[in-house]
file input-v8.cif (mmCIF, C-alpha atoms; chains and numbers go by the auth columns)
data_work
#
loop_
_atom_site.group_PDB
_atom_site.id
_atom_site.type_symbol
_atom_site.label_atom_id
_atom_site.label_comp_id
_atom_site.label_asym_id
_atom_site.label_seq_id
_atom_site.Cartn_x
_atom_site.Cartn_y
_atom_site.Cartn_z
_atom_site.B_iso_or_equiv
_atom_site.auth_seq_id
_atom_site.auth_asym_id
ATOM 1 C CA MET A 1 26.408 -20.627 -28.745 0.00 1 A
ATOM 2 C CA VAL A 2 23.888 -19.666 -31.428 0.00 2 A
ATOM 3 C CA ALA A 3 21.629 -22.311 -32.946 0.00 3 A
ATOM 4 C CA LYS A 4 21.799 -22.514 -36.740 0.00 4 A
ATOM 5 C CA CYS A 5 19.312 -23.754 -39.310 0.00 5 A
ATOM 6 C CA GLY A 6 20.300 -27.177 -40.599 0.00 6 A
ATOM 7 C CA PHE A 7 19.206 -26.243 -44.108 0.00 7 A
ATOM 8 C CA CYS A 8 20.733 -22.819 -44.797 0.00 8 A
ATOM 9 C CA GLY A 9 22.853 -21.995 -41.742 0.00 9 A
ATOM 10 C CA GLY A 10 20.677 -19.001 -40.796 0.00 10 A
ATOM 11 C CA THR A 11 20.410 -18.041 -37.122 0.00 11 A
ATOM 12 C CA GLY A 12 17.084 -16.168 -36.839 0.00 12 A
ATOM 13 C CA THR A 13 13.712 -17.830 -36.286 0.00 13 A
ATOM 14 C CA LYS A 14 10.083 -16.825 -36.658 0.00 14 A
ATOM 15 C CA MET A 15 6.728 -18.269 -35.623 0.00 15 A
ATOM 16 C CA ILE A 16 4.364 -19.292 -38.394 0.00 16 A
ATOM 17 C CA VAL A 17 0.914 -20.850 -38.406 0.00 17 A
ATOM 18 C CA LEU A 18 0.341 -23.984 -40.453 0.00 18 A
ATOM 19 C CA GLU A 19 -3.137 -24.975 -41.586 0.00 19 A
ATOM 20 C CA PRO A 20 -2.735 -28.542 -42.881 0.00 20 A
ATOM 21 C CA TYR A 21 -5.432 -29.605 -45.330 0.00 21 A
ATOM 22 C CA GLY A 22 -7.992 -31.801 -43.567 0.00 22 A
ATOM 23 C CA ALA A 23 -6.474 -31.236 -40.113 0.00 23 A
ATOM 24 C CA PRO A 24 -8.936 -30.443 -37.305 0.00 24 A
ATOM 25 C CA ARG A 25 -6.861 -27.485 -36.072 0.00 25 A
ATOM 26 C CA ARG A 26 -4.002 -25.183 -36.881 0.00 26 A
ATOM 27 C CA LEU A 27 -0.421 -25.834 -35.839 0.00 27 A
ATOM 28 C CA GLY A 28 2.263 -23.434 -34.684 0.00 28 A
ATOM 29 C CA ALA A 29 5.738 -23.822 -36.121 0.00 29 A
ATOM 30 C CA VAL A 30 9.167 -22.369 -35.487 0.00 30 A
ATOM 31 C CA ALA A 31 10.751 -21.657 -38.843 0.00 31 A
ATOM 32 C CA CYS A 32 14.087 -20.376 -40.003 0.00 32 A
ATOM 33 C CA GLY A 33 13.894 -16.610 -40.468 0.00 33 A
ATOM 34 C CA LYS A 34 16.122 -16.778 -43.523 0.00 34 A
ATOM 35 C CA CYS A 35 14.876 -19.732 -45.619 0.00 35 A
ATOM 36 C CA GLY A 36 11.532 -20.529 -43.926 0.00 36 A
ATOM 37 C CA ALA A 37 12.405 -24.167 -43.216 0.00 37 A
ATOM 38 C CA VAL A 38 10.196 -25.568 -40.438 0.00 38 A
ATOM 39 C CA LEU A 39 12.366 -26.424 -37.435 0.00 39 A
ATOM 40 C CA GLY A 40 9.646 -27.534 -34.992 0.00 40 A
ATOM 41 C CA VAL A 41 5.870 -27.903 -34.774 0.00 41 A
ATOM 42 C CA ALA A 42 3.398 -27.796 -31.876 0.00 42 A
ATOM 43 C CA ASP A 43 -0.370 -27.633 -31.459 0.00 43 A
ATOM 44 C CA LEU A 44 -1.702 -24.112 -31.116 0.00 44 A
ATOM 45 C CA PRO A 45 -3.849 -23.584 -28.055 0.00 45 A
ATOM 46 C CA ASP A 46 -7.521 -24.198 -28.831 0.00 46 A
ATOM 47 C CA ALA A 47 -9.207 -20.948 -27.779 0.00 47 A
ATOM 48 C CA GLY A 48 -12.613 -22.618 -27.443 0.00 48 A
ATOM 49 C CA ALA A 49 -11.292 -25.306 -25.120 0.00 49 A
ATOM 50 C CA MET A 50 -9.378 -22.711 -23.110 0.00 50 A
ATOM 51 C CA LEU A 51 -12.506 -20.563 -22.706 0.00 51 A
ATOM 52 C CA HIS A 52 -14.554 -23.598 -21.648 0.00 52 A
ATOM 53 C CA HIS A 53 -11.913 -24.512 -19.064 0.00 53 A
ATOM 54 C CA GLN A 54 -11.869 -20.947 -17.715 0.00 54 A
ATOM 55 C CA ALA A 55 -15.680 -20.934 -17.517 0.00 55 A
ATOM 56 C CA GLU A 56 -15.554 -24.130 -15.449 0.00 56 A
ATOM 57 C CA ARG A 57 -12.946 -22.594 -13.158 0.00 57 A
ATOM 58 C CA LEU A 58 -15.065 -19.446 -12.736 0.00 58 A
ATOM 59 C CA GLU A 59 -18.098 -21.533 -11.817 0.00 59 A
ATOM 60 C CA GLY A 60 -16.002 -23.340 -9.202 0.00 60 A
ATOM 61 C CA LEU A 61 -14.841 -19.994 -7.803 0.00 61 A
ATOM 62 C CA ARG A 62 -18.428 -18.732 -7.671 0.00 62 A
ATOM 63 C CA HIS A 63 -19.376 -21.791 -5.620 0.00 63 A
ATOM 64 C CA HIS A 64 -16.483 -21.208 -3.190 0.00 64 A
ATOM 65 C CA ILE A 65 -17.427 -17.536 -2.857 0.00 65 A
ATOM 66 C CA GLU A 66 -21.033 -18.486 -2.043 0.00 66 A
ATOM 67 C CA VAL A 67 -19.798 -20.898 0.647 0.00 67 A
ATOM 68 C CA LEU A 68 -17.523 -18.208 2.105 0.00 68 A
ATOM 69 C CA GLU A 69 -20.364 -15.676 2.104 0.00 69 A
ATOM 70 C CA ARG A 70 -22.565 -18.100 4.064 0.00 70 A
ATOM 71 C CA GLN A 71 -19.728 -18.765 6.535 0.00 71 A
ATOM 72 C CA VAL A 72 -19.048 -15.052 7.032 0.00 72 A
ATOM 73 C CA GLY A 73 -22.769 -14.493 7.619 0.00 73 A
ATOM 74 C CA ALA A 74 -22.834 -17.285 10.209 0.00 74 A
ATOM 75 C CA LEU A 75 -19.764 -15.852 11.953 0.00 75 A
ATOM 76 C CA SER A 76 -21.302 -12.387 11.982 0.00 76 A
ATOM 77 C CA ARG A 77 -24.495 -13.726 13.559 0.00 77 A
ATOM 78 C CA GLU A 78 -22.470 -15.629 16.176 0.00 78 A
ATOM 79 C CA ILE A 79 -20.460 -12.508 17.041 0.00 79 A
ATOM 80 C CA GLU A 80 -23.691 -10.532 17.445 0.00 80 A
ATOM 81 C CA ARG A 81 -25.118 -13.300 19.649 0.00 81 A
ATOM 82 C CA ILE A 82 -22.014 -13.277 21.865 0.00 82 A
ATOM 83 C CA GLU A 83 -22.015 -9.471 22.088 0.00 83 A
ATOM 84 C CA THR A 84 -25.693 -9.501 23.075 0.00 84 A
ATOM 85 C CA HIS A 85 -25.020 -12.170 25.690 0.00 85 A
ATOM 86 C CA LEU A 86 -22.080 -10.237 27.146 0.00 86 A
ATOM 87 C CA THR A 87 -24.039 -6.982 27.210 0.00 87 A
ATOM 88 C CA ARG A 88 -26.946 -8.615 29.047 0.00 88 A
ATOM 89 C CA HIS A 89 -24.775 -10.343 31.636 0.00 89 A
ATOM 90 C CA HIS A 90 -21.916 -7.879 32.084 0.00 90 A
ATOM 91 C CA GLY A 91 -23.346 -4.510 31.055 0.00 91 A
ATOM 92 C CA ALA A 92 -22.338 -2.333 28.136 0.00 92 A
ATOM 93 C CA PRO A 93 -18.573 -2.128 27.494 0.00 93 A
#
call {"tool": "encode", "arguments": {"input": "input-v8.cif", "output": "structure tokens"}}
result
Amino acid sequence: MVAKCGFCGGTGTKMIVLEPYGAPRRLGAVACGKCGAVLGVADLPDAGAMLHHQAERLEGLRHHIEVLERQVGALSREIERIETHLTRHHGAP
């Protein structure tokens, strides 16, 4: 089944950007490809907000990486300590 425009009967669609006067942001719309009638509207993603969110996520990842680096360092030191202990008490492998 093919969806048809309720205004002209056309079957193709296109995305358009609406910039309503006085609106704080642009809107995305699905429009009929034949007559241009708007069939649906949605907020366009706010690039600034998306970048801010990604920056926050990156900062969180940096923190987790720092924690992992400290843990790997502690494990490495513990392995060296155990190897030294075994070498002293049981001779070189």
call {"tool": "closest_residue", "arguments": {"input": "input-v8.cif", "among": "A:Lys34, A:Arg62, A:Arg77, A:Arg57", "to": "Lys4 of chain A", "atoms": "only C-alpha atoms"}}
result
A:Lys34
call {"tool": "resolve_selection", "arguments": {"input": "input-v8.cif", "expression": "the PyMOL selection byres ((chain A and resi 22-32) around 9)", "output": "ChimeraX atom specification"}}
result
/A:4-5,7-8,10-21,33-46
call {"tool": "axis_aligned_box", "arguments": {"input": "input-v8.cif", "around": "segment 10-29 of chain A", "padding_each_side": "3 Å", "output": "AutoDock Vina command-line options"}}
result
--center_x 5.9 --center_y -24.0 --center_z -40.0 --size_x 35.6 --size_y 21.6 --size_z 16.6
call {"tool": "atom_distance", "arguments": {"input": "input-v8.cif", "atom1": "atom CA of Glu78 of chain A", "atom2": "atom CA of Ile65 of chain A"}}
result
19.8 Å
